[in-house]
Amino acid sequence: MCTALAYEACDFYFGRTLDNEFSFGEKVTVTPRNYPFFFTNGRKLNFHYAIIGMAYVKNDYPLYYDAANEKGLCAAALNFVG
């Protein structure tokens with residue numbers, strides 16, 4: 001089971017546990033502002049904020065487990081077994 005938390009005092013902190021028994025090769029990943037994202041439906045995203053988080057990168061495409069953008073929006077994909 002995964003757990004996420006956010007803490008805000010003078011600064012903002014966001015984190016999560018990644019409770020997998022194995023690794024897919026995920027690593028800290030930074031996606032620069034406006035890096036083009038190509039989606040499977042044929043659409044392309046040309047504008048977005050910079051992103052940092054934990055991701056598995058496949059064919060130069062980051063598959064984020066959790067991330068935050070430069071404006072402070074953050075999200076985590078959590079797994080609740082069962």
# chains A, B, ... in the order shown; residues from 1 in each chain; ligands from 1
>>> residues_around(residues="Val57 in chain A", least_positions_apart="5", cutoff="9 Å", atoms="only C-alpha atoms", output="count of residues only")
7
>>> select_by_dssp(residues="chain A", states="strand (DSSP E)", output="PyMOL selection string")
chain A and resi 4-8+12-16+27-31+37-38+44-45+51-58+61-69+74-76
>>> closest_residue(among="A:Leu78, A:Ser23, A:Phe37, A:Leu73", to="Asn59 in chain A", atoms="only C-alpha atoms")
A:Phe37
>>> closest_residue(among="A:Ile51, A:Gly72, A:Asn46, A:Arg16", to="Pro32 in chain A", atoms="only C-alpha atoms")
A:Ile51
>>> closest_residue(among="A:Leu18, A:Tyr56, A:Ala9, A:His48", to="Asn79 in chain A", atoms="only C-alpha atoms")
A:Leu18
>>> decode(residues="range 38-52 of chain A", atoms="all heavy atoms", output="compact mmCIF listing (two decimals), in the first residue's frame")
# COMPACT_ATOMS: atom_id res chain seq x y z
N PHE A 38 3.47 13.68 -26.56
CA PHE A 38 2.65 13.11 -27.61
C PHE A 38 1.79 12.00 -26.99
O PHE A 38 2.32 11.07 -26.41
CB PHE A 38 3.52 12.52 -28.73
CG PHE A 38 4.37 13.56 -29.41
CD1 PHE A 38 5.67 13.81 -28.97
CD2 PHE A 38 3.88 14.29 -30.48
CE1 PHE A 38 6.45 14.77 -29.59
CE2 PHE A 38 4.66 15.24 -31.10
CZ PHE A 38 5.95 15.49 -30.66
N PHE A 39 0.47 12.11 -27.12
CA PHE A 39 -0.44 11.16 -26.51
C PHE A 39 -0.88 10.11 -27.53
O PHE A 39 -0.80 10.32 -28.75
CB PHE A 39 -1.65 11.89 -25.93
CG PHE A 39 -1.27 12.87 -24.86
CD1 PHE A 39 -1.27 14.23 -25.10
CD2 PHE A 39 -0.87 12.43 -23.61
CE1 PHE A 39 -0.91 15.13 -24.11
CE2 PHE A 39 -0.49 13.32 -22.62
CZ PHE A 39 -0.51 14.67 -22.87
N THR A 40 -1.36 8.97 -27.03
CA THR A 40 -1.74 7.86 -27.91
C THR A 40 -2.93 8.20 -28.80
O THR A 40 -3.13 7.54 -29.83
CB THR A 40 -2.05 6.59 -27.11
OG1 THR A 40 -3.08 6.89 -26.16
CG2 THR A 40 -0.82 6.09 -26.40
N ASN A 41 -3.72 9.21 -28.43
CA ASN A 41 -4.86 9.60 -29.28
C ASN A 41 -4.44 10.55 -30.40
O ASN A 41 -5.30 11.07 -31.12
CB ASN A 41 -5.97 10.22 -28.44
CG ASN A 41 -5.56 11.53 -27.78
OD1 ASN A 41 -4.45 12.03 -27.99
ND2 ASN A 41 -6.43 12.09 -26.97
N GLY A 42 -3.14 10.79 -30.54
CA GLY A 42 -2.65 11.63 -31.61
C GLY A 42 -2.49 13.10 -31.23
O GLY A 42 -1.94 13.87 -32.01
N ARG A 43 -2.94 13.47 -30.06
CA ARG A 43 -2.81 14.87 -29.64
C ARG A 43 -1.42 15.15 -29.10
O ARG A 43 -0.72 14.25 -28.66
CB ARG A 43 -3.87 15.20 -28.59
CG ARG A 43 -5.28 15.01 -29.13
CD ARG A 43 -6.28 15.32 -28.08
NE ARG A 43 -6.87 16.60 -28.43
CZ ARG A 43 -7.81 17.18 -27.72
NH1 ARG A 43 -8.25 16.64 -26.63
NH2 ARG A 43 -8.31 18.34 -28.11
N LYS A 44 -1.06 16.42 -29.13
CA LYS A 44 0.24 16.86 -28.65
C LYS A 44 0.04 18.00 -27.66
O LYS A 44 -0.76 18.90 -27.91
CB LYS A 44 1.09 17.32 -29.84
CG LYS A 44 2.46 17.82 -29.47
CD LYS A 44 3.21 18.28 -30.72
CE LYS A 44 4.54 18.89 -30.37
NZ LYS A 44 5.21 19.46 -31.55
N LEU A 45 0.77 17.95 -26.55
CA LEU A 45 0.74 19.03 -25.56
C LEU A 45 2.01 19.84 -25.73
O LEU A 45 3.11 19.33 -25.51
CB LEU A 45 0.64 18.46 -24.15
CG LEU A 45 0.62 19.46 -23.01
CD1 LEU A 45 -0.63 20.34 -23.07
CD2 LEU A 45 0.67 18.74 -21.67
N ASN A 46 1.87 21.09 -26.15
CA ASN A 46 3.03 21.94 -26.39
C ASN A 46 3.38 22.84 -25.22
O ASN A 46 4.51 23.28 -25.10
CB ASN A 46 2.79 22.82 -27.62
CG ASN A 46 2.77 22.02 -28.89
OD1 ASN A 46 3.64 21.20 -29.13
ND2 ASN A 46 1.77 22.24 -29.71
N PHE A 47 2.40 23.16 -24.36
CA PHE A 47 2.66 24.08 -23.26
C PHE A 47 2.34 23.39 -21.94
O PHE A 47 1.26 22.83 -21.76
CB PHE A 47 1.78 25.34 -23.37
CG PHE A 47 1.86 26.20 -22.15
CD1 PHE A 47 2.95 27.04 -21.95
CD2 PHE A 47 0.89 26.14 -21.18
CE1 PHE A 47 3.04 27.80 -20.80
CE2 PHE A 47 0.97 26.91 -20.03
CZ PHE A 47 2.06 27.75 -19.85
N HIS A 48 3.30 23.42 -21.03
CA HIS A 48 3.09 22.98 -19.65
C HIS A 48 4.25 23.50 -18.81
O HIS A 48 5.30 23.91 -19.34
CB HIS A 48 2.97 21.45 -19.54
CG HIS A 48 4.20 20.72 -20.00
ND1 HIS A 48 5.31 20.54 -19.21
CD2 HIS A 48 4.49 20.13 -21.18
CE1 HIS A 48 6.23 19.88 -19.87
NE2 HIS A 48 5.74 19.62 -21.08
N TYR A 49 4.07 23.49 -17.51
CA TYR A 49 5.12 23.91 -16.60
C TYR A 49 6.15 22.79 -16.45
O TYR A 49 5.88 21.63 -16.76
CB TYR A 49 4.53 24.26 -15.23
CG TYR A 49 3.59 25.44 -15.27
CD1 TYR A 49 2.24 25.29 -15.00
CD2 TYR A 49 4.06 26.70 -15.62
CE1 TYR A 49 1.37 26.38 -15.04
CE2 TYR A 49 3.20 27.79 -15.68
CZ TYR A 49 1.87 27.62 -15.39
OH TYR A 49 1.03 28.68 -15.44
N ALA A 50 7.33 23.13 -15.94
CA ALA A 50 8.35 22.13 -15.67
C ALA A 50 7.84 21.19 -14.58
O ALA A 50 7.07 21.58 -13.70
CB ALA A 50 9.65 22.81 -15.22
N ILE A 51 8.28 19.92 -14.64
CA ILE A 51 7.80 18.89 -13.73
C ILE A 51 9.02 18.16 -13.15
O ILE A 51 9.98 17.88 -13.86
CB ILE A 51 6.93 17.86 -14.48
CG1 ILE A 51 5.77 18.55 -15.18
CG2 ILE A 51 6.41 16.78 -13.53
CD1 ILE A 51 5.05 17.66 -16.19
N ILE A 52 8.94 17.83 -11.86
CA ILE A 52 9.94 16.99 -11.22
C ILE A 52 9.23 15.92 -10.41
O ILE A 52 8.20 16.19 -9.78
CB ILE A 52 10.93 17.79 -10.34
CG1 ILE A 52 12.04 16.87 -9.81
CG2 ILE A 52 10.19 18.51 -9.22
CD1 ILE A 52 13.18 17.62 -9.14
